[in-house]
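Student: Data: structure-v4.csv, CSV, C-alpha atoms.
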```
chain,number,residue,atom,x,y,z
E,1,MET,CA,0.4,-3.2,-10.4
E,2,ALA,CA,-1.1,-0.6,-12.7
E,3,ALA,CA,-0.3,3.0,-12.8
E,4,GLY,CA,-2.4,4.8,-10.1
E,5,ASP,CA,-2.6,1.8,-7.8
E,6,ILE,CA,-1.4,2.3,-4.2
E,7,GLU,CA,1.6,0.4,-2.9
E,8,THR,CA,2.6,0.2,0.8
E,9,PHE,CA,6.3,-0.7,1.2
E,10,GLN,CA,9.1,-0.8,3.7
E,11,ARG,CA,12.6,0.8,3.3
E,12,ASP,CA,15.2,0.5,6.0
E,13,GLY,CA,12.5,-0.4,8.6
E,14,ILE,CA,10.3,2.6,7.8
E,15,TRP,CA,6.9,2.2,6.0
E,16,PHE,CA,5.6,4.4,3.2
E,17,ASN,CA,2.8,4.6,0.7
E,18,ARG,CA,3.1,5.6,-3.0
E,19,ILE,CA,1.1,5.8,-6.1
E,20,GLU,CA,2.4,3.4,-8.7
E,21,GLY,CA,4.2,5.2,-11.5
E,22,GLU,CA,5.2,8.1,-9.2
E,23,SER,CA,8.6,8.3,-7.5
E,24,ARG,CA,7.6,10.3,-4.4
E,25,THR,CA,5.8,8.9,-1.5
E,26,LEU,CA,2.2,9.6,-0.6
E,27,GLY,CA,1.9,11.5,2.7
E,28,SER,CA,4.3,10.8,5.6
E,29,SER,CA,6.3,7.8,6.8
E,30,PHE,CA,5.0,5.3,9.3
E,31,GLU,CA,6.8,3.4,12.1
E,32,THR,CA,4.5,0.3,11.8
E,33,GLU,CA,3.2,-1.7,8.9
E,34,ASP,CA,-0.3,-1.6,10.4
E,35,GLU,CA,-0.4,2.2,10.3
E,36,ALA,CA,0.9,2.4,6.7
E,37,VAL,CA,-1.5,-0.3,5.5
E,38,ARG,CA,-4.5,1.5,7.1
E,39,VAL,CA,-3.6,4.8,5.3
E,40,GLY,CA,-2.7,3.0,2.1
E,41,ARG,CA,-5.9,1.0,2.1
E,42,GLY,CA,-7.9,4.2,2.7
E,43,ALA,CA,-6.2,6.0,-0.2
E,44,ALA,CA,-6.8,3.0,-2.5
E,45,ALA,CA,-10.5,2.9,-1.5
E,46,ALA,CA,-10.9,6.7,-2.1
E,47,ARG,CA,-9.3,6.3,-5.6
E,48,GLN,CA,-11.0,3.0,-6.3
E,49,VAL,CA,-7.7,1.3,-7.2
E,50,VAL,CA,-5.8,-1.8,-6.0
E,51,HIS,CA,-3.7,-1.7,-2.8
E,52,THR,CA,-0.6,-3.9,-2.5
E,53,VAL,CA,1.8,-4.4,0.5
E,54,ARG,CA,5.5,-5.0,-0.2
E,55,THR,CA,8.8,-5.2,1.8
E,56,GLU,CA,12.3,-4.4,0.5
E,57,GLN,CA,12.7,-8.0,-0.5
E,58,GLY,CA,9.4,-8.3,-2.4
E,59,PRO,CA,5.8,-9.1,-1.4
E,60,SER,CA,5.2,-9.4,2.3
E,61,ASP,CA,4.1,-12.8,3.8
E,62,SER,CA,0.8,-11.1,4.6
E,63,GLY,CA,0.5,-9.5,1.1
E,64,ASN,CA,-2.5,-11.7,0.2
E,65,LEU,CA,-4.4,-10.1,3.0
E,66,HIS,CA,-3.9,-6.7,1.6
E,67,ASP,CA,-4.0,-7.2,-2.1
E,68,TRP,CA,-7.6,-6.2,-2.8
E,69,HIS,CA,-9.6,-3.8,-4.9
E,70,PRO,CA,-12.5,-1.7,-3.4
E,71,ARG,CA,-14.9,-3.0,-6.1
E,72,ASP,CA,-14.4,-6.5,-4.6
E,73,LEU,CA,-16.2,-5.3,-1.5
E,74,MET,CA,-19.4,-4.6,-3.5
E,75,ASN,CA,-19.8,-8.2,-4.6
```
Any chance you could put this one into structure tokens?
Tutor:
Amino acid sequence: MAAGDIETFQRDGIWFNRIEGESRTLGSSFETEDEAVRVGRGAAAARQVVHTVRTEQGPSDSGNLHDWHPRDLMN
């Protein structure tokens, strides 16, 4: 991930979004992965950066479904 990309991640069962390279989270926490991914994806699209989903242990099993760049949608 490059600085400025959006990462959705889980910590102690709670989901968050953050901008890569920054220590604080972006917005509030989420109870479900789906909610956090929706918000993270929207933030990434608005900034035209990559969105990645991770768990405490590393990339999620569904990570490939969420690793995308908004420019890819234009092709």
Student: What does the distance between atom CA of E:His51 and atom CA of E:Val39 come to in Å, to one decimal place?
Tutor: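 A separation of 10.4 Å between them.
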Student: Select, from E:Thr52, E:Arg18, E:Ala46, E:Phe9, the residue with the minimum atom-to-atom distance to E:Glu31, counting only C-alpha atoms.
Tutor: E:Phe9
Student: Would you kindly return, as a ChimeraX atom specification, each protein, DNA or RNA residue with an atom no farther than 10 Å from any atom of E:Glu7, considering only C-alpha atoms and excluding same-chain residues fewer than 3 positions away?
Tutor: /E:1,4,16-20,25-26,36-37,40-41,43-44,50-54,67
Student: Could you state the separation of atom CA of E:Val49 and atom CA of E:Asp5 in Å, given to one decimal place?
Tutor: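 Atom CA of E:Val49 sits 5.2 Å away from atom CA of E:Asp5.
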